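Let me begin by presenting the structure, written as structure tokens, before commenting on it.
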Amino acid sequence: MAENKDMSIYVHIPFCEQKCNYCAFASFCVNQAQIEDYLNDLCQEIEQRKVDNPIKTIYFGGGTPSLLSPEQFKRIVDVIYKNYNVYDNAEFTVEANPNSITEEKLDMWKKLRVNRLSIGVQTLKEKNLRKIGRLHDKMMALEKIKLARRQFDNVSADILIGLEDENGKQLAKNASMLLDLGVKHISCYLLEVYENTKLYQMIQDRRYKPLDEEEMIASFNKLSSYLQDKGMTRYEISNFAYPGYESKHNLNYWARGEYLGFGLGAHSFVDGKRVANLDSFAGFKAKKTEVEDLSETEQIEEIIMLGLRCCLGVDLTKLMALGYDITLNSFYKDYIQEGVLTQEGETLFLNPVFYHLSNTIIANLLP
Amino acid sequence: MKDLNLIRNFCIIAHIDHGKSTLADRLIELTGTVSKRDMQSQILDSMELEREKGITIKLAPTRLIYEYEGKEYTLNLIDTPGHVDFTYEVSRSLAACEGAVLLVDASQGVEAQTLANAYLAIENNLETIPVINKIDLPSARVEEVKQEIEEVIGFPAENCPCISAKEGINIEDVLKSVITSIPAPTGDETKPLKCLVFDSHYDNFKGAICLVRVVDGTVKAGDQILMMQTGKVFDVTEVGIFVPTTKETACLSAGDVGYIAASIKTISDVKVGGTITNAENPTDKPLDGYKEVQPVVFCGIFPVDGAKYNELKDSLDKLKLNDASLQFAPEVSSALGYGFRCGFLGLLHLEIITQRLEREFNLDIITTAPSVSYNVYKTNGDMLEISNPSNLPPAIEIDHIEEPIVKVSVFTPPEFVGTIMELCQDKRGIYKDMQYIDKKRVELKYILPLGEIIYDFFDSLKSRTRGYASFDYEFDGFETADLVRVDLMLNGEKCDALSLIVHKDKAYNRGRELAERLKKIIPRQLFEVPIQACIGNKIIARETISAMRKDVLAKCYGGDISRKRKLLEKQKEGKKKMRKIGSVEIPSEAFMSILKLDEDK
């Protein structure tokens with residue numbers, strides 16, 4: 001690396017206590033021996049891929065990183081601190097499920113300079129928590145957030161939109177409870193039902209009825225206005241935050257900053273190359289990767305797709321430098337006229353009202 | 001010197017599906033022209049489209065060697081298409097032959113194209129041998145069909161070969177009849193060279209290849225030839241015959257059917273129907289050419305990617321070489337950009353050409369709805385020929401419009417007479433005549449506007465008669481009709497490529513159906529899109545495409561940017577099939593949809 005640019009680190013923990021009914025990912029249920037084996041490989045990878053760049057954010061995602069014991073967690077973090085030059089004020093996020101949050105773990109996280117928790121609440125409706133296969137109930141979710149908030153200022157909650165009978169009003173009510181507990185950041189994901197999931201089967205058997213597309217968007221919009229009334233900004237398609245509480249780690253992805261991803265199926269972006277670890281234990285153990293050297297067109301595509309999905313916007317001078325004048329695209333003029341896009345100086349933004357149609361819009365704007 | 005008495009040039013003509021290509025297969029097998037290993041069914045239908053559709057589109061020649069009564073005969077066979085649209089191909093094959101085998105299905109009997117092709121053979125002074133095919137079918141009615149042939153066409157059929165090409169029954173009878181009934185070619189190989197170009201196609205290495213029938217003289221590689229119609233001179237690089245793949249030979253001489261390659265790079269230098277002679281020792285007078293065919297169906301063809309205009313032009317040029325009946329001229333559409341208005345002999349011809357453009361030339365094209373050519377008389381006395389609805393002048397400037405009319409003859413079993421009459425009535429037809437050919441066949445005659453026939457007449461006829469009726473039509477001049485143009489507006493903007501000319505009484509229904517159909521075909525957009533059909537300024541139908549609600553809001557899991565990018569690239573790829581009209585994106589097939597209005601009902 002020519003300069004010592006700031007980088008981010010992502011660590012993947014592919015284990016869960018129980019697979020959620022809507023989950024289509026390759027996640028694996030707990031088996032202590034397997035976890036230990038995985039941690040050996042993981043720590044080895046972290047050591048071997050050591051770089052001198054300063055690290056500005058760390059993110060533990062999954063799976064469920066919070067199921068790691070304090071000792072297991074410490075083991076990984078120690079390897080990171082030992083080998084990498086992490087800023088003192090680096091953003092350090094851990095994804096956690098309410099049921100696996102304990103005081104002991106919270107203490108350890110705090111001690112290890114974790115300063116942001118992303119809690120998988122999903123919903124506060126008891127019936128839905130049961131039906132989607134979560135291991136917590138409403139009471140536990142609220143209590144664990146309260147507990148977490150004692151030590152952590154920056155707490156985020158994940159919310160699913162589209163669950164049975166959860167209209168905009170219900171979503172806003174749930175959100176207000178979360179905000180009252182001091183949650184600073186909310187990620188809202190639309191429920192996507194994949195064929196190989198339990199939820200899909202339940203829907204087929206008419207045992208579950210998610211919201212239809214219209215209702216889903218209407219309730220998302222309602223929640224979105226509620227959160228913005230409360231002073232949050234929608235700084236990305238799915239993410240809302242109070243000013244200053246935007247996830248720096250995610251913003252780094254969208255700004256095309258560099259990052260190292262450790263663990264099974266983790267992705268890295270270094271020196272203009274996208275590298276993916278294989279997402280099987282065997283593949284990961286064998287240190288197999290898939291490397292993509294981005295062509296100029298692919299770089300252009302990334303700049304547009306990542307810039308438009310968030311508040312960062314697209315720097316048109318970067319596109320010009322790569323030989324693409326987006327203003328000549330046949331959709332550009334219409335989109336500006338219709339208010340779909342706004343241009344400020346040399347930066348192009350997607351109007352947040354159209355975030356839910358971003359795939360179509362972005363596809364049209366690609367070279 | 002070659003004995004012309006040992007050569008026979010013939011073609012097989014028939015109604016579609018009466019078994020021409022299968023008979024050709026059997027003849028090729030029987031004479032050992034193609035080894036068993038290389039034999040495949042419908043061997044002369046080499047075009048991918050022909051094999052797929054099970055029909056013959058292009059004429060295809062092949063040479064057969066057959067021993068009869070101790071002498072070895074050379075039989076040049078030309079397989080021909082049967083569909084009404086390709087009659088032109090048939091007439092070209094006929095001009096290269098002295099005789100024809102008229103194949104008739106033993107259960108179907110004489111059909112519309114049987115008759116049309118038989119008349120073509122008579123016009124060309126060909127000795128015609130009727131052959132009854134499919135005698136193995138349980139429904140075969142050989143004696144009745146013989147009678148039909150004699151009564152309807154007027155050919156003696158008493159002792160005609162009765163065969164099953166499929167089962168290989170009595171195939172030798174056909175070869176024997178060809179030798180005994182069809183005259184040997186006349187011609188003199190000592191005279192100056194005189195060849196009829198009956199077809200041509202383009203080869204990337206050899207240039208334009210001329211398929212020829214040598215009338216007089218000889219030609220060999222190294223000769224200088226003169227194209228009498230264009231005045232161009234070329235050096236022959238290769239001559240040969242078809243077996244049925246090309247096979248180089250030392251020379252071609254009077255009576256032969258074969259090909260000439262002469263590094264002809266400019267396609268327009270070859271004229272199908274033209275005469276080739278020797279440049280140093282030319283013949284005094286060219287052969288009679290073919291009469292120019294007039295296209296009857298027109299549509300606009302545009303490249304999906306506007307930058308491919310020149311590629312489209314080159315491809316059309318190459319197809320034209322192979323298909324002289326194709327006509328085209330540049331056209332500009334406000335909706336679709338630069339393209340061509342193309343003329344065809346019929347709808348199937350149109351379909352075949354567009355598919356060949358896509359497959360053989362790898363082009364993505366947009367086809368607008370087919371139209372006929374109208375004579376538009378203006379109040380100032382001018383007359384315009386309009387084949388593109390968007391060129392129709394404003395109603396106020398029009399005195400009257402004439403539409404092309406055709407004489408239609410439908411052959412059908414009697415039980416379908418009622419439904420066919422209903423169909424013809426519905427298509428503004430005028431009843432002319434009805435005749436019982438025998439107990440099982442009726443011939444109905446109608447006068448119909450051509451515009452109604454190209455719309456969906458053929459499909460309706462097939463579905464109403466479960467495929468039992470056949471039809472043929474010939475041009476019968478122009479007649480005044482009360483016609484109007486229906487325009488389509490998307491989001492308030494007129495889309496010229498979707499306009500159509502229809503009879504006033506049908507305009508309202510067609511406008512409404514079209515708006516409904518477009519609503520189904522055009523995907524939801526970012527905003528609501530109104531679709532309006534109008535005549536002049538009067539709106540006659542309206543539909544609304546509601547706005548798209550969402551596309552998937554997928555999370556970028558753990559920095560997996562590539563997956564997301566690939567999804568978007570795929571989405572973008574899908575969009576290549578879309579055309580942007582104003583701010584509305586339309587799938588390319590929408591422009592043809594005008595045609596298929598009745599399909600869903």
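How things are named: the first chain in the structure tokens is A, the next is B, and so on; residues count from 1 in each chain; ligands count from 1 in the order shown.
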Handout entry: All residues 7 Å or closer to stretch 360-377 of chain B, only C-alpha atoms, same chain fewer than 2 positions away omitted, as a ChimeraX atom specification
Key = /B:296-304,315,356-358,379,381-388,398-404,451,497,588,591-592,594-595
Problem - Distance query stretch 102-119 of chain A at most 6 Å, only C-alpha atoms, self and fewer than 5 positions along chain excluded, as a PyMOL selection string - result: chain A and resi 70+92-97+154-157
Keeping only N, CA, C and O atoms, write those residues as a compact mmCIF listing (two decimals), in the first residue's frame.
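This is the output file part17.txt:
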# COMPACT_ATOMS: atom_id res chain seq x y z
N PRO A 70 -17.10 -14.25 27.02
CA PRO A 70 -16.18 -13.11 27.18
C PRO A 70 -14.75 -13.50 26.83
O PRO A 70 -14.04 -12.73 26.20
N PHE A 92 -16.22 0.84 17.39
CA PHE A 92 -16.11 -0.61 17.55
C PHE A 92 -17.51 -1.16 17.84
O PHE A 92 -18.04 -0.96 18.92
N THR A 93 -18.06 -1.81 16.86
CA THR A 93 -19.45 -2.30 16.96
C THR A 93 -19.50 -3.81 17.16
O THR A 93 -18.72 -4.54 16.54
N VAL A 94 -20.43 -4.25 17.99
CA VAL A 94 -20.70 -5.68 18.10
C VAL A 94 -22.19 -5.90 17.88
O VAL A 94 -23.02 -5.20 18.44
N GLU A 95 -22.51 -6.85 16.99
CA GLU A 95 -23.91 -7.23 16.82
C GLU A 95 -24.29 -8.17 17.95
O GLU A 95 -23.54 -9.10 18.28
N ALA A 96 -25.48 -7.93 18.53
CA ALA A 96 -25.87 -8.75 19.67
C ALA A 96 -27.35 -9.07 19.62
O ALA A 96 -28.16 -8.25 19.17
N ASN A 97 -27.69 -10.28 20.09
CA ASN A 97 -29.10 -10.62 20.23
C ASN A 97 -29.48 -10.43 21.70
O ASN A 97 -28.69 -10.76 22.59
N ASN A 154 -24.02 4.49 22.53
CA ASN A 154 -24.36 4.30 21.12
C ASN A 154 -24.94 2.91 20.88
O ASN A 154 -24.22 1.95 20.64
N VAL A 155 -26.27 2.83 20.98
CA VAL A 155 -26.93 1.55 20.78
C VAL A 155 -27.86 1.65 19.57
O VAL A 155 -28.61 2.62 19.44
N SER A 156 -27.78 0.66 18.70
CA SER A 156 -28.63 0.62 17.51
C SER A 156 -29.56 -0.57 17.61
O SER A 156 -29.23 -1.58 18.27
N ALA A 157 -30.72 -0.47 17.00
CA ALA A 157 -31.65 -1.61 16.98
C ALA A 157 -32.03 -1.93 15.53
O ALA A 157 -32.26 -1.04 14.73
Can you list every residue of chain B that has an atom at most 6 Å from chain A, with its nearest atom pair and the distance in Å to one decimal, using only C-alpha atoms, ordered by chain then number, as a Markdown table?
| residue | atom | partner | partner_atom | distance |
| --- | --- | --- | --- | --- |
| B:Lys550 | CA | A:Leu357 | CA | 5.0 |
| B:Asp551 | CA | A:Leu357 | CA | 5.2 |
| B:Gly559 | CA | A:His267 | CA | 5.9 |
| B:Asp560 | CA | A:His267 | CA | 5.8 |
| B:Leu568 | CA | A:Ala363 | CA | 5.6 |
| B:Lys572 | CA | A:Ala363 | CA | 4.9 |
Practice task
Find the distance between atom CA of A:Gly120 and atom CA of A:Asp158 and write it in Å to one decimal.
Solution key: 5.0 Å
Exercise for the section: as a PyMOL selection string, please: all residues of stretch 118-276 of chain B that backbone DSSP puts in strand (DSSP E or B). Expected result: chain B and resi 127-133+162+164+169+194-203+207-216+218-220+224-227+233-235+238-242+246-249+251-253+257-261+264+275-276
Handout entry: Non-local contacts of A:Phe28 (10 Å; only C-alpha atoms; under 4 positions in same chain excluded) as a PyMOL selection string
Key = chain A and resi 13-19+34-35+63-64
Output as a tab-separated table one row per residue of stretch 95-207 of chain B within 10 Å of stretch 263-276 of chain B: the closest atom pair and its distance in Å to one decimal place, counting only C-alpha atoms, sorted by chain and residue number ascending.
residue	atom	partner	partner_atom	distance
B:Ala95	CA	B:Gly273	CA	9.1
B:Leu193	CA	B:Ile276	CA	7.4
B:Lys194	CA	B:Ile276	CA	5.8
B:Cys195	CA	B:Ile276	CA	5.0
B:Leu196	CA	B:Thr275	CA	4.9
B:Val197	CA	B:Gly273	CA	5.3
B:Phe198	CA	B:Gly273	CA	5.5
B:Asp199	CA	B:Val272	CA	5.5
B:Ser200	CA	B:Val272	CA	6.8
B:His201	CA	B:Ile267	CA	9.1
B:Tyr202	CA	B:Ile267	CA	7.9
B:Asp203	CA	B:Ser263	CA	9.5
B:Asn204	CA	B:Lys265	CA	9.1
B:Phe205	CA	B:Ser263	CA	8.2
B:Lys206	CA	B:Ser263	CA	5.4
B:Gly207	CA	B:Ser263	CA	4.8
Would you mind exporting the chosen residues as a PDB file, in the first residue's frame, restricted to N, CA, C and O atoms?
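Saved result, selection_0.pdb, follows:
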ATOM      1  N   ALA B  95     -38.467 -21.639 -62.575  1.00  0.00           N
ATOM      2  CA  ALA B  95     -37.830 -21.124 -63.776  1.00  0.00           C
ATOM      3  C   ALA B  95     -36.530 -21.870 -64.091  1.00  0.00           C
ATOM      4  O   ALA B  95     -36.024 -21.801 -65.204  1.00  0.00           O
ATOM      5  N   LEU B 193     -22.086 -18.582 -73.230  1.00  0.00           N
ATOM      6  CA  LEU B 193     -22.655 -18.875 -71.903  1.00  0.00           C
ATOM      7  C   LEU B 193     -23.911 -18.046 -71.637  1.00  0.00           C
ATOM      8  O   LEU B 193     -23.959 -16.853 -71.920  1.00  0.00           O
ATOM      9  N   LYS B 194     -24.918 -18.732 -71.090  1.00  0.00           N
ATOM     10  CA  LYS B 194     -26.150 -18.060 -70.686  1.00  0.00           C
ATOM     11  C   LYS B 194     -26.677 -18.794 -69.449  1.00  0.00           C
ATOM     12  O   LYS B 194     -27.068 -19.956 -69.544  1.00  0.00           O
ATOM     13  N   CYS B 195     -26.617 -18.114 -68.277  1.00  0.00           N
ATOM     14  CA  CYS B 195     -27.092 -18.748 -67.037  1.00  0.00           C
ATOM     15  C   CYS B 195     -28.156 -17.885 -66.397  1.00  0.00           C
ATOM     16  O   CYS B 195     -28.033 -16.663 -66.372  1.00  0.00           O
ATOM     17  N   LEU B 196     -29.151 -18.542 -65.822  1.00  0.00           N
ATOM     18  CA  LEU B 196     -30.149 -17.840 -65.024  1.00  0.00           C
ATOM     19  C   LEU B 196     -29.707 -17.891 -63.549  1.00  0.00           C
ATOM     20  O   LEU B 196     -29.434 -18.959 -63.014  1.00  0.00           O
ATOM     21  N   VAL B 197     -29.637 -16.718 -62.915  1.00  0.00           N
ATOM     22  CA  VAL B 197     -29.355 -16.696 -61.470  1.00  0.00           C
ATOM     23  C   VAL B 197     -30.694 -16.862 -60.778  1.00  0.00           C
ATOM     24  O   VAL B 197     -31.529 -15.965 -60.815  1.00  0.00           O
ATOM     25  N   PHE B 198     -30.947 -18.026 -60.164  1.00  0.00           N
ATOM     26  CA  PHE B 198     -32.257 -18.209 -59.534  1.00  0.00           C
ATOM     27  C   PHE B 198     -32.221 -17.980 -58.031  1.00  0.00           C
ATOM     28  O   PHE B 198     -33.249 -17.922 -57.377  1.00  0.00           O
ATOM     29  N   ASP B 199     -31.024 -17.828 -57.478  1.00  0.00           N
ATOM     30  CA  ASP B 199     -30.938 -17.491 -56.051  1.00  0.00           C
ATOM     31  C   ASP B 199     -29.507 -17.079 -55.774  1.00  0.00           C
ATOM     32  O   ASP B 199     -28.615 -17.292 -56.609  1.00  0.00           O
ATOM     33  N   SER B 200     -29.268 -16.479 -54.629  1.00  0.00           N
ATOM     34  CA  SER B 200     -27.896 -16.186 -54.246  1.00  0.00           C
ATOM     35  C   SER B 200     -27.837 -16.042 -52.736  1.00  0.00           C
ATOM     36  O   SER B 200     -28.856 -15.827 -52.088  1.00  0.00           O
ATOM     37  N   HIS B 201     -26.667 -16.207 -52.191  1.00  0.00           N
ATOM     38  CA  HIS B 201     -26.487 -15.932 -50.768  1.00  0.00           C
ATOM     39  C   HIS B 201     -25.057 -15.456 -50.562  1.00  0.00           C
ATOM     40  O   HIS B 201     -24.216 -15.549 -51.459  1.00  0.00           O
ATOM     41  N   TYR B 202     -24.807 -14.933 -49.372  1.00  0.00           N
ATOM     42  CA  TYR B 202     -23.512 -14.325 -49.128  1.00  0.00           C
ATOM     43  C   TYR B 202     -22.646 -15.235 -48.284  1.00  0.00           C
ATOM     44  O   TYR B 202     -23.078 -15.768 -47.273  1.00  0.00           O
ATOM     45  N   ASP B 203     -21.419 -15.435 -48.720  1.00  0.00           N
ATOM     46  CA  ASP B 203     -20.460 -16.236 -47.969  1.00  0.00           C
ATOM     47  C   ASP B 203     -19.315 -15.314 -47.587  1.00  0.00           C
ATOM     48  O   ASP B 203     -18.786 -14.602 -48.443  1.00  0.00           O
ATOM     49  N   ASN B 204     -18.961 -15.316 -46.303  1.00  0.00           N
ATOM     50  CA  ASN B 204     -17.946 -14.357 -45.831  1.00  0.00           C
ATOM     51  C   ASN B 204     -16.595 -14.536 -46.511  1.00  0.00           C
ATOM     52  O   ASN B 204     -15.812 -13.601 -46.597  1.00  0.00           O
ATOM     53  N   PHE B 205     -16.307 -15.747 -46.985  1.00  0.00           N
ATOM     54  CA  PHE B 205     -15.005 -15.978 -47.619  1.00  0.00           C
ATOM     55  C   PHE B 205     -15.070 -15.842 -49.129  1.00  0.00           C
ATOM     56  O   PHE B 205     -14.196 -15.272 -49.755  1.00  0.00           O
ATOM     57  N   LYS B 206     -16.142 -16.384 -49.715  1.00  0.00           N
ATOM     58  CA  LYS B 206     -16.196 -16.433 -51.171  1.00  0.00           C
ATOM     59  C   LYS B 206     -16.963 -15.281 -51.802  1.00  0.00           C
ATOM     60  O   LYS B 206     -17.027 -15.163 -53.009  1.00  0.00           O
ATOM     61  N   GLY B 207     -17.576 -14.440 -50.968  1.00  0.00           N
ATOM     62  CA  GLY B 207     -18.389 -13.358 -51.505  1.00  0.00           C
ATOM     63  C   GLY B 207     -19.768 -13.878 -51.886  1.00  0.00           C
ATOM     64  O   GLY B 207     -20.182 -14.958 -51.449  1.00  0.00           O
TER      65      GLY B 207
END
Problem - Neighbour list for A:Pro210 as a list in words, cut-off 7 Å, only C-alpha atoms, skip fewer than 6 positions in-chain - result: Gly162, Leu163 and Glu164 of chain A
Practice task
Go ahead and compute the interatomic distance for atom CA of B:Gly217 and atom CA of B:Asp284, in Å to one decimal.
Solution key: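 These atoms are spaced 12.8 Å apart.
By only C-alpha atoms, and with residues fewer than 2 positions from B:Leu226 along its chain excluded, the set lying at most 8 Å from it is Gln224, Met228, Gly231, Lys232, Val233, Phe234, Ile276, Thr277, Asn278, Ala279 and Pro282 of chain B.
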Practice task
Excluding stretch 196-205 of chain A and any residue of its chain fewer than 6 positions from it, enumerate the residues within 6 Å of it, using only C-alpha atoms, and give them as a ChimeraX atom specification.
Solution key: /A:21-22,24
Practice task
Excluding B:Glu189 and residues on its chain fewer than 5 positions from it, collect all residues at most 9 Å away from it, counting only C-alpha atoms, and give them as a ChimeraX atom specification.
Solution key: /B:1-2,215-218,253-255
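The interatomic distance for the pair atom CA of B:Asp505 and atom CA of B:Lys519 works out to 23.3 Å.
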Practice task
Pick out each residue of stretch 195-320 of chain A that DSSP on the backbone tags as alpha helix (DSSP H); I need them as a PyMOL selection string.
Solution key: chain A and resi 198-204+213-229+248-254+281-285+296-308+316-320
With N, CA and C atoms retained, could you export that selection as a short mmCIF file (atom, residue, chain, number, x, y, z; two decimals), in the first residue's frame?
data_model
loop_
_atom_site.label_atom_id
_atom_site.label_comp_id
_atom_site.auth_asym_id
_atom_site.auth_seq_id
_atom_site.Cartn_x
_atom_site.Cartn_y
_atom_site.Cartn_z
N LYS A 198 -38.03 -21.62 6.62
CA LYS A 198 -39.22 -22.10 7.32
C LYS A 198 -40.38 -21.15 7.10
N LEU A 199 -40.06 -19.86 7.10
CA LEU A 199 -41.12 -18.86 6.96
C LEU A 199 -41.85 -19.04 5.63
N TYR A 200 -41.08 -19.35 4.60
CA TYR A 200 -41.67 -19.55 3.27
C TYR A 200 -42.69 -20.67 3.34
N GLN A 201 -42.29 -21.76 4.03
CA GLN A 201 -43.20 -22.90 4.14
C GLN A 201 -44.44 -22.52 4.93
N MET A 202 -44.24 -21.72 6.00
CA MET A 202 -45.38 -21.31 6.82
C MET A 202 -46.36 -20.48 5.98
N ILE A 203 -45.80 -19.64 5.10
CA ILE A 203 -46.67 -18.81 4.26
C ILE A 203 -47.41 -19.69 3.26
N GLN A 204 -46.68 -20.68 2.71
CA GLN A 204 -47.31 -21.61 1.78
C GLN A 204 -48.48 -22.34 2.45
N GLU A 213 -46.95 -5.92 -0.56
CA GLU A 213 -46.00 -4.89 -0.97
C GLU A 213 -46.49 -3.47 -0.64
N GLU A 214 -47.75 -3.22 -0.96
CA GLU A 214 -48.32 -1.89 -0.70
C GLU A 214 -48.25 -1.55 0.78
N GLU A 215 -48.73 -2.49 1.60
CA GLU A 215 -48.77 -2.26 3.05
C GLU A 215 -47.36 -2.08 3.60
N MET A 216 -46.44 -2.88 3.06
CA MET A 216 -45.07 -2.85 3.54
C MET A 216 -44.46 -1.47 3.33
N ILE A 217 -44.65 -0.95 2.10
CA ILE A 217 -44.09 0.35 1.79
C ILE A 217 -44.81 1.44 2.58
N ALA A 218 -46.12 1.33 2.71
CA ALA A 218 -46.87 2.33 3.46
C ALA A 218 -46.38 2.35 4.90
N SER A 219 -46.17 1.16 5.50
CA SER A 219 -45.75 1.16 6.90
C SER A 219 -44.30 1.62 7.04
N PHE A 220 -43.48 1.28 6.04
CA PHE A 220 -42.10 1.78 6.08
C PHE A 220 -42.11 3.30 6.04
N ASN A 221 -42.91 3.86 5.14
CA ASN A 221 -42.95 5.32 5.01
C ASN A 221 -43.44 5.97 6.29
N LYS A 222 -44.39 5.33 6.93
CA LYS A 222 -44.94 5.89 8.16
C LYS A 222 -43.86 5.89 9.25
N LEU A 223 -43.17 4.77 9.37
CA LEU A 223 -42.10 4.68 10.36
C LEU A 223 -41.01 5.70 10.05
N SER A 224 -40.70 5.80 8.76
CA SER A 224 -39.66 6.72 8.34
C SER A 224 -40.01 8.15 8.74
N SER A 225 -41.26 8.57 8.50
CA SER A 225 -41.59 9.94 8.90
C SER A 225 -41.59 10.10 10.41
N TYR A 226 -42.02 9.05 11.09
CA TYR A 226 -42.02 9.14 12.55
C TYR A 226 -40.59 9.37 13.07
N LEU A 227 -39.65 8.56 12.56
CA LEU A 227 -38.27 8.67 13.05
C LEU A 227 -37.68 10.04 12.70
N GLN A 228 -38.03 10.54 11.51
CA GLN A 228 -37.50 11.84 11.12
C GLN A 228 -38.12 12.96 11.94
N ASP A 229 -39.40 12.79 12.31
CA ASP A 229 -40.03 13.76 13.22
C ASP A 229 -39.31 13.80 14.55
N LYS A 248 -20.11 4.66 11.30
CA LYS A 248 -18.93 5.02 10.50
C LYS A 248 -18.45 3.82 9.70
N HIS A 249 -18.65 2.64 10.28
CA HIS A 249 -18.20 1.44 9.59
C HIS A 249 -18.96 1.26 8.27
N ASN A 250 -20.27 1.40 8.33
CA ASN A 250 -21.06 1.25 7.10
C ASN A 250 -20.78 2.38 6.12
N LEU A 251 -20.63 3.60 6.63
CA LEU A 251 -20.32 4.71 5.73
C LEU A 251 -19.03 4.44 4.97
N ASN A 252 -18.10 3.77 5.62
CA ASN A 252 -16.84 3.43 4.95
C ASN A 252 -17.08 2.50 3.76
N TYR A 253 -18.04 1.56 3.90
CA TYR A 253 -18.37 0.70 2.76
C TYR A 253 -18.86 1.55 1.59
N TRP A 254 -19.75 2.48 1.90
CA TRP A 254 -20.42 3.23 0.83
C TRP A 254 -19.51 4.27 0.21
N PHE A 281 -16.85 -23.86 5.87
CA PHE A 281 -15.76 -24.07 6.83
C PHE A 281 -14.53 -24.64 6.14
N ALA A 282 -14.77 -25.60 5.25
CA ALA A 282 -13.64 -26.22 4.57
C ALA A 282 -12.89 -25.19 3.72
N GLY A 283 -13.64 -24.39 2.99
CA GLY A 283 -13.04 -23.39 2.11
C GLY A 283 -12.27 -22.36 2.91
N PHE A 284 -12.85 -21.97 4.04
CA PHE A 284 -12.19 -20.98 4.88
C PHE A 284 -10.91 -21.54 5.49
N LYS A 285 -11.01 -22.77 5.96
CA LYS A 285 -9.85 -23.42 6.56
C LYS A 285 -8.71 -23.52 5.55
N GLU A 296 -12.65 -0.59 -15.03
CA GLU A 296 -13.09 0.80 -14.87
C GLU A 296 -14.61 0.88 -14.82
N THR A 297 -15.26 0.11 -15.69
CA THR A 297 -16.72 0.13 -15.69
C THR A 297 -17.27 -0.33 -14.35
N GLU A 298 -16.66 -1.38 -13.81
CA GLU A 298 -17.14 -1.87 -12.51
C GLU A 298 -16.92 -0.85 -11.41
N GLN A 299 -15.81 -0.11 -11.50
CA GLN A 299 -15.58 0.95 -10.52
C GLN A 299 -16.66 2.02 -10.63
N ILE A 300 -16.98 2.37 -11.88
CA ILE A 300 -18.03 3.37 -12.10
C ILE A 300 -19.35 2.89 -11.50
N GLU A 301 -19.66 1.62 -11.76
CA GLU A 301 -20.91 1.04 -11.26
C GLU A 301 -20.96 1.10 -9.73
N GLU A 302 -19.84 0.79 -9.11
CA GLU A 302 -19.80 0.82 -7.64
C GLU A 302 -19.99 2.22 -7.10
N ILE A 303 -19.30 3.18 -7.74
CA ILE A 303 -19.39 4.55 -7.26
C ILE A 303 -20.85 5.03 -7.29
N ILE A 304 -21.53 4.71 -8.39
CA ILE A 304 -22.92 5.16 -8.52
C ILE A 304 -23.81 4.43 -7.53
N MET A 305 -23.67 3.12 -7.49
CA MET A 305 -24.57 2.32 -6.67
C MET A 305 -24.39 2.59 -5.17
N LEU A 306 -23.16 2.80 -4.75
CA LEU A 306 -22.92 3.03 -3.32
C LEU A 306 -23.23 4.47 -2.95
N GLY A 307 -22.90 5.40 -3.83
CA GLY A 307 -23.13 6.81 -3.52
C GLY A 307 -24.60 7.17 -3.46
N LEU A 308 -25.39 6.57 -4.34
CA LEU A 308 -26.80 6.95 -4.40
C LEU A 308 -27.62 6.31 -3.28
N LEU A 316 -19.29 13.42 -8.95
CA LEU A 316 -19.28 13.32 -10.41
C LEU A 316 -17.88 13.46 -10.99
N THR A 317 -16.99 14.15 -10.27
CA THR A 317 -15.63 14.30 -10.80
C THR A 317 -14.93 12.94 -10.84
N LYS A 318 -15.29 12.07 -9.87
CA LYS A 318 -14.69 10.72 -9.88
C LYS A 318 -15.15 9.94 -11.10
N LEU A 319 -16.43 10.10 -11.43
CA LEU A 319 -16.95 9.40 -12.60
C LEU A 319 -16.30 9.93 -13.87
N MET A 320 -16.15 11.27 -13.93
CA MET A 320 -15.54 11.89 -15.10
C MET A 320 -14.12 11.38 -15.27
#
Exercise for the section: Give the answer as one residue: which of B:Ala96, B:Ile430, B:Val408, B:Ala395 has the shortest atom-to-atom distance to B:Lys445, using only C-alpha atoms? Expected result: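 Of all the options, B:Val408 lies closest to B:Lys445.
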